[in-house]
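*Asks:* Below is start-v9.cif; it holds mmCIF, C-alpha atoms.
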data_run
loop_
_atom_site.label_atom_id
_atom_site.label_comp_id
_atom_site.auth_asym_id
_atom_site.auth_seq_id
_atom_site.Cartn_x
_atom_site.Cartn_y
_atom_site.Cartn_z
CA MET A 405 -65.75 0.14 101.25
CA SER A 406 -67.40 -3.20 100.78
CA GLN A 407 -64.85 -5.78 101.91
CA PHE A 408 -66.74 -8.84 100.84
CA THR A 409 -69.68 -9.83 98.70
CA LEU A 410 -71.12 -13.13 97.68
CA SER A 411 -73.81 -14.27 95.32
CA VAL A 412 -75.40 -17.63 94.60
CA ARG A 413 -76.38 -18.83 91.14
CA GLU A 414 -77.79 -21.97 89.60
CA SER A 415 -75.46 -24.02 87.47
CA PRO A 416 -77.01 -27.49 87.20
CA PRO A 417 -76.33 -29.92 88.69
CA ALA A 418 -74.86 -27.57 91.28
CA ARG A 419 -75.30 -24.21 92.95
CA VAL A 420 -72.33 -21.86 92.70
CA ILE A 421 -71.31 -19.39 95.39
CA ASP A 422 -69.21 -16.56 93.91
CA LEU A 423 -66.94 -14.82 96.41
CA THR A 424 -65.46 -11.34 96.06
CA GLY A 425 -63.04 -9.47 98.30
CA TYR A 426 -61.77 -10.46 101.72
CA LEU A 427 -63.02 -13.44 103.70
CA ASP A 428 -62.04 -13.09 107.34
CA ALA A 429 -63.59 -13.19 110.81
CA HIS A 430 -65.60 -10.08 109.94
CA THR A 431 -67.11 -11.41 106.74
CA ALA A 432 -67.20 -15.20 107.28
CA PRO A 433 -70.69 -15.11 108.88
CA GLN A 434 -72.09 -14.07 105.47
CA LEU A 435 -70.68 -17.22 103.88
CA GLU A 436 -71.97 -19.29 106.76
CA GLU A 437 -75.48 -17.92 106.14
CA ALA A 438 -75.23 -18.70 102.43
CA PHE A 439 -74.24 -22.30 103.12
CA GLN A 440 -77.02 -22.67 105.69
CA SER A 441 -79.59 -21.36 103.19
CA LEU A 442 -78.43 -23.86 100.56
CA LEU A 443 -78.63 -26.72 103.03
CA ASN A 444 -82.09 -25.59 104.14
CA GLU A 445 -83.11 -25.81 100.48
CA GLN A 446 -81.65 -29.34 100.31
CA GLN A 447 -78.97 -28.19 97.88
CA PHE A 448 -75.94 -30.37 98.51
CA ASN A 449 -73.95 -29.99 95.27
CA ILE A 450 -72.06 -26.81 95.91
CA ILE A 451 -69.25 -25.15 93.98
CA VAL A 452 -67.46 -22.17 95.48
CA ASN A 453 -65.88 -19.90 92.90
CA PHE A 454 -62.92 -17.97 94.32
CA ARG A 455 -62.00 -16.05 91.16
CA ASP A 456 -62.50 -12.61 92.76
CA LEU A 457 -61.51 -13.50 96.31
CA ALA A 458 -58.35 -11.68 97.39
CA TYR A 459 -57.93 -13.07 100.89
CA ILE A 460 -59.01 -15.87 103.22
CA SER A 461 -58.18 -16.50 106.88
CA SER A 462 -58.98 -19.46 109.11
CA ALA A 463 -62.40 -17.94 109.82
CA GLY A 464 -63.25 -18.54 106.16
CA LEU A 465 -61.69 -21.99 106.10
CA GLY A 466 -63.70 -22.87 109.18
CA VAL A 467 -66.95 -22.30 107.29
CA PHE A 468 -66.06 -25.06 104.83
CA MET A 469 -65.18 -27.36 107.73
CA ALA A 470 -68.49 -26.57 109.40
CA PHE A 471 -70.61 -27.76 106.47
CA VAL A 472 -68.64 -30.42 104.63
CA GLU A 473 -69.74 -33.31 106.82
CA GLU A 474 -73.46 -32.58 106.45
CA VAL A 475 -73.12 -31.98 102.71
CA ARG A 476 -71.30 -35.27 102.13
CA SER A 477 -73.64 -37.22 104.35
CA ASN A 478 -76.36 -36.12 101.92
CA SER A 479 -74.40 -37.45 98.92
CA GLY A 480 -73.25 -34.00 97.90
CA ASP A 481 -69.95 -32.19 98.00
CA ILE A 482 -68.34 -28.77 98.33
CA LYS A 483 -65.97 -28.32 95.41
CA LEU A 484 -63.68 -25.32 95.18
CA ALA A 485 -62.69 -23.56 91.96
CA GLU A 486 -60.60 -20.80 90.38
CA MET A 487 -58.49 -19.75 93.39
CA SER A 488 -55.74 -17.19 92.97
CA PRO A 489 -52.29 -18.52 93.94
CA LYS A 490 -52.40 -16.40 97.13
CA VAL A 491 -55.68 -17.91 98.30
CA TYR A 492 -54.65 -21.41 97.21
CA ASN A 493 -51.49 -21.07 99.29
CA VAL A 494 -53.55 -20.55 102.44
CA PHE A 495 -55.56 -23.72 101.73
CA ASP A 496 -52.36 -25.56 100.92
CA LEU A 497 -50.57 -24.31 104.04
CA LEU A 498 -53.10 -26.23 106.15
CA GLY A 499 -53.39 -29.26 103.89
CA PHE A 500 -56.96 -28.53 102.78
CA PRO A 501 -56.36 -30.12 99.35
CA MET A 502 -56.45 -33.44 101.30
CA LEU A 503 -60.11 -32.88 102.09
CA TYR A 504 -61.46 -30.79 99.22
CA GLU A 505 -61.37 -31.09 95.47
CA ILE A 506 -59.90 -27.89 94.08
CA TYR A 507 -60.27 -27.09 90.37
CA ASP A 508 -58.64 -24.42 88.26
CA ASP A 509 -61.85 -24.12 86.26
CA GLU A 510 -65.44 -24.06 87.51
CA GLN A 511 -66.52 -26.11 84.46
CA LYS A 512 -64.38 -29.01 85.65
CA ALA A 513 -66.00 -28.94 89.08
CA ARG A 514 -69.43 -28.96 87.44
CA ALA A 515 -68.42 -31.82 85.14
CA LYS A 516 -67.27 -33.82 88.16
CA PHE A 517 -70.69 -33.42 89.76
CA SER A 518 -72.31 -34.54 86.50
CA ASN A 519 -70.07 -37.61 86.30
CA GLU A 520 -70.80 -38.47 89.92
CA GLY A 521 -74.49 -38.54 88.97
CA SER A 522 -75.73 -37.13 92.21
CA CYS A 523 -78.12 -34.20 92.34
CA MET B 1433 -38.49 -4.35 123.91
CA GLN B 1434 -38.79 -0.56 124.12
CA SER B 1435 -35.60 -0.52 126.18
CA ASP B 1436 -33.72 -2.38 123.45
CA SER B 1437 -32.10 0.29 121.31
CA LYS B 1438 -31.52 -2.16 118.45
CA TYR B 1439 -35.20 -2.02 117.59
CA ILE B 1440 -36.98 0.67 115.64
CA VAL B 1441 -40.69 1.07 116.26
CA ARG B 1442 -42.32 1.28 112.86
CA PHE B 1443 -45.94 1.27 114.03
CA LYS B 1444 -47.73 1.54 117.35
CA GLU B 1445 -51.43 2.01 117.88
CA GLY B 1446 -54.35 1.17 120.12
CA ILE B 1447 -56.96 -0.73 118.13
CA LEU B 1448 -60.63 -1.25 118.90
CA SER B 1449 -61.50 -4.89 119.45
CA ARG B 1450 -63.66 -5.21 116.34
CA THR B 1451 -63.36 -7.51 113.36
CA GLU B 1452 -63.87 -4.47 111.09
CA GLU B 1453 -60.30 -3.53 112.02
CA LEU B 1454 -58.75 -6.72 110.61
CA HIS B 1455 -58.50 -5.43 107.06
CA ARG B 1456 -56.57 -2.33 108.14
CA ILE B 1457 -54.30 -4.36 110.44
CA ARG B 1458 -53.39 -6.71 107.59
CA THR B 1459 -52.65 -3.80 105.28
CA VAL B 1460 -50.31 -2.22 107.84
CA VAL B 1461 -48.45 -5.47 108.53
CA GLU B 1462 -48.11 -6.43 104.87
CA ASP B 1463 -46.92 -2.97 103.83
CA GLU B 1464 -44.41 -2.73 106.68
CA ALA B 1465 -43.12 -6.25 106.01
CA VAL B 1466 -42.55 -5.44 102.34
CA ARG B 1467 -40.89 -2.15 103.25
CA PHE B 1468 -38.58 -4.08 105.59
CA GLY B 1469 -37.53 -6.42 102.80
CA PHE B 1470 -39.85 -9.43 102.74
CA ASP B 1471 -41.25 -10.56 99.41
CA ARG B 1472 -44.98 -10.03 98.80
CA GLU B 1473 -45.88 -13.68 99.37
CA THR B 1474 -44.14 -13.85 102.75
CA ALA B 1475 -45.59 -10.48 103.75
CA PHE B 1476 -49.08 -11.75 102.84
CA ARG B 1477 -48.59 -14.77 105.09
CA MET B 1478 -47.29 -12.61 107.94
CA ALA B 1479 -50.38 -10.41 107.65
CA LEU B 1480 -52.48 -13.60 107.79
CA ALA B 1481 -50.71 -14.73 110.98
CA VAL B 1482 -51.29 -11.35 112.63
CA ASP B 1483 -54.94 -11.40 111.50
CA GLU B 1484 -55.31 -14.77 113.24
CA ALA B 1485 -53.73 -13.50 116.45
CA CYS B 1486 -55.91 -10.36 116.46
CA THR B 1487 -59.02 -12.42 115.73
CA ASN B 1488 -58.24 -14.53 118.79
CA ILE B 1489 -57.95 -11.40 120.92
CA ILE B 1490 -61.24 -9.98 119.60
CA LYS B 1491 -63.21 -13.23 119.84
CA HIS B 1492 -61.69 -14.98 122.82
CA SER B 1493 -59.66 -12.62 124.98
CA TYR B 1494 -62.32 -9.88 124.84
CA SER B 1495 -65.26 -12.20 124.00
CA GLY B 1496 -66.39 -9.88 121.21
CA ASN B 1497 -66.72 -6.75 123.37
CA PRO B 1498 -66.25 -3.96 120.79
CA ARG B 1499 -65.44 -1.30 123.39
CA LYS B 1500 -62.20 -2.97 124.44
CA LYS B 1501 -58.87 -2.08 122.92
CA PHE B 1502 -55.64 -3.87 122.23
CA GLU B 1503 -52.28 -2.58 121.06
CA MET B 1504 -50.19 -3.51 118.10
CA GLU B 1505 -46.56 -2.56 117.82
CA ILE B 1506 -44.30 -3.43 114.93
CA CYS B 1507 -40.58 -3.23 115.62
CA THR B 1508 -37.64 -4.16 113.48
CA GLY B 1509 -34.02 -4.75 114.24
CA ASN B 1510 -31.22 -6.28 112.20
CA ASP B 1511 -32.84 -9.19 110.38
CA ARG B 1512 -36.00 -9.53 112.45
CA PHE B 1513 -39.52 -8.21 112.14
CA VAL B 1514 -41.47 -8.32 115.38
CA VAL B 1515 -45.18 -7.79 115.94
CA VAL B 1516 -46.19 -7.33 119.57
CA LEU B 1517 -49.87 -7.61 120.44
CA THR B 1518 -50.97 -6.57 123.91
CA ASP B 1519 -54.43 -7.02 125.36
CA TYR B 1520 -55.98 -6.88 128.80
CA GLY B 1521 -58.55 -9.65 128.48
CA ARG B 1522 -58.64 -13.35 129.23
CA SER B 1523 -55.20 -14.90 129.14
CA PHE B 1524 -54.37 -17.55 126.58
CA ASN B 1525 -50.99 -19.00 125.70
CA PRO B 1526 -51.05 -20.28 122.10
CA ASN B 1527 -48.02 -22.40 122.85
CA SER B 1528 -50.14 -24.42 125.28
CA LEU B 1529 -52.01 -25.95 122.34
CA PRO B 1530 -50.56 -29.18 120.93
CA LYS B 1531 -49.43 -29.19 117.30
CA LEU B 1532 -52.35 -29.94 115.01
CA ASP B 1533 -52.28 -33.17 113.04
CA MET B 1534 -54.20 -32.02 109.97
CA LYS B 1535 -54.85 -35.54 108.69
CA ARG B 1536 -56.59 -36.39 111.96
CA TYR B 1537 -58.24 -32.95 112.00
CA PHE B 1538 -59.88 -33.68 108.64
CA GLU B 1539 -60.75 -37.29 109.50
CA LEU B 1540 -62.62 -36.17 112.58
CA CYS B 1541 -64.00 -33.01 110.91
CA MET B 1542 -62.69 -31.02 113.85
CA ARG B 1543 -63.34 -27.32 114.39
CA GLY B 1544 -61.25 -24.45 115.70
CA GLY B 1545 -57.56 -24.15 116.42
CA LEU B 1546 -56.61 -23.35 112.84
CA GLY B 1547 -55.61 -19.77 113.62
CA VAL B 1548 -52.95 -20.74 116.14
CA HIS B 1549 -51.73 -23.43 113.76
CA ILE B 1550 -51.34 -20.82 111.00
CA ILE B 1551 -49.48 -18.46 113.34
CA LYS B 1552 -46.98 -21.19 114.24
CA LEU B 1553 -46.53 -22.27 110.63
CA VAL B 1554 -45.89 -18.76 109.36
CA MET B 1555 -43.88 -17.09 112.11
CA ASP B 1556 -40.42 -18.18 113.27
CA ASP B 1557 -40.96 -17.43 116.96
CA VAL B 1558 -44.18 -17.14 118.93
CA ALA B 1559 -43.77 -16.05 122.54
CA TYR B 1560 -46.47 -15.29 125.08
CA HIS B 1561 -46.17 -13.81 128.50
CA ILE B 1562 -48.19 -11.92 131.07
CA THR B 1563 -46.68 -8.51 131.81
CA ASP B 1564 -46.27 -6.87 135.19
CA ALA B 1565 -49.37 -4.83 134.33
CA HIS B 1566 -51.31 -8.12 133.94
CA ALA B 1567 -51.58 -7.70 130.19
CA ASN B 1568 -51.27 -10.52 127.67
CA GLU B 1569 -48.32 -9.91 125.39
CA LEU B 1570 -47.85 -11.97 122.26
CA ARG B 1571 -44.63 -11.54 120.30
CA LEU B 1572 -44.59 -12.81 116.73
CA VAL B 1573 -41.16 -12.84 115.13
CA LYS B 1574 -40.16 -13.40 111.52
CA TYR B 1575 -36.54 -13.42 110.38
CA LEU B 1576 -35.60 -11.94 107.05
CA THR B 1577 -33.14 -14.67 106.15
#
Starting from the file, lay out its structure as structure tokens.
*Replies:*
Amino acid sequence: MSQFTLSVRESPPARVIDLTGYLDAHTAPQLEEAFQSLLNEQQFNIIVNFRDLAYISSAGLGVFMAFVEEVRSNSGDIKLAEMSPKVYNVFDLLGFPMLYEIYDDEQKARAKFSNEGSC
Amino acid sequence: MQSDSKYIVRFKEGILSRTEELHRIRTVVEDEAVRFGFDRETAFRMALAVDEACTNIIKHSYSGNPRKKFEMEICTGNDRFVVVLTDYGRSFNPNSLPKLDMKRYFELCMRGGLGVHIIKLVMDDVAYHITDAHANELRLVKYLT
């Protein structure tokens, strides 16, 4: 059984990471690699789409913490979109909405990047 | 705990210290918690807390050695659901960590410590002790009320 998959697509002015399955200590290194690749390519406008993610633990949350500072210092952002209530509750439990913009629709996250005018 | 006749052991197993096992552990905990009477949302959070505790054993207590094993026992009695995790690695008392101030955590872009914070937020009691056999025993308790 494949517990977790991710894919990256272009959606100007951002790159979108689509997550599927279960994001825990076993699978979080895959997300870490994806973020590192985007940063290596100087891509700092990043949307993470959680539509098909069923689960996240602190190992997954830690990946966002690991990259947010570098992304923002390069005038970009990590915006989060389309979380299920279960996954949102984990973010909310720890107060992550204080630090990250969370959208119910990926389009809104993209529009925010466009309005911010940074690429 | 085994000597306390009020408790019924619902699950007991030795588990390889590998992150591949986390998915199965969560499924067991969530299913048993629902069967005991918790709603799905609470059971999901309890499974998350146990995932965090097991991750700490795998990563820190056993430093990622996949040949090590730890034990998980789920017991219930009256209104309480108890998960006991026992390992034989490096000792660590989660209660020795100060409570996380998340505002400060985000301001300083800190790392680590979130798992223990989740465990304490989700479970009603978190108790750690070293057994006579020099094992680390972590008891996570959630009350049904």
*Asks:* Could you list, as a ChimeraX atom specification, the residues of chain B having an atom within 12 Å of chain A when counting all atoms listed in the file?
*Replies:* /B:1449-1456,1458-1459,1472-1491,1496,1532-1554
*Asks:* If I put a ball of radius 9 Å at (-74.0, -29.1, 91.5) in the file's coordinates, which residues poke into it when counting only C-alpha atoms, written as a PyMOL selection string?
*Replies:* chain A and resi 414-420+447-451+480-483+513-518+522-523
*Asks:* So how many Å separate atom CA of Leu1572 of chain B and atom CA of Tyr1494 of chain B, to one decimal?
*Replies:*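 These two atoms are separated by 19.7 Å.
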*Asks:* Just the number, please: distance in Å from atom CA of Lys1531 of chain B to atom CA of Ser1495 of chain B, one decimal.
*Replies:*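 Those two atoms sit 24.2 Å apart.
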*Asks:* For the structure provided, state which residues fall under the PyMOL selection byres ((chain A and resi 453) around 7), and present them as an NGL selection string.
*Replies:* :A and (420-423 or 451-452 or 454-455 or 484-486 or 510)
*Asks:* When you count only C-alpha atoms, which of these residues is closest to Gly464 of chain A: A:Leu442, A:Ala432, A:Ile506, A:Leu410?
*Replies:* A:Ala432
*Asks:* Can you work out which one of B:Asn1525, B:Pro1530, B:Ile1457, B:Tyr1575 has the shortest atom-to-atom distance to His1561 of chain B, counting all atoms listed in the file?
*Replies:*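 Checking each of B:Asn1525, B:Pro1530, B:Ile1457, B:Tyr1575 against His1561 of chain B, counting all atoms listed in the file, the winner is B:Asn1525.
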*Asks:* Atom CA of Phe1524 of chain B to atom CA of Thr1508 of chain B: how many Å, to one decimal?
*Replies:* 25.1 Å
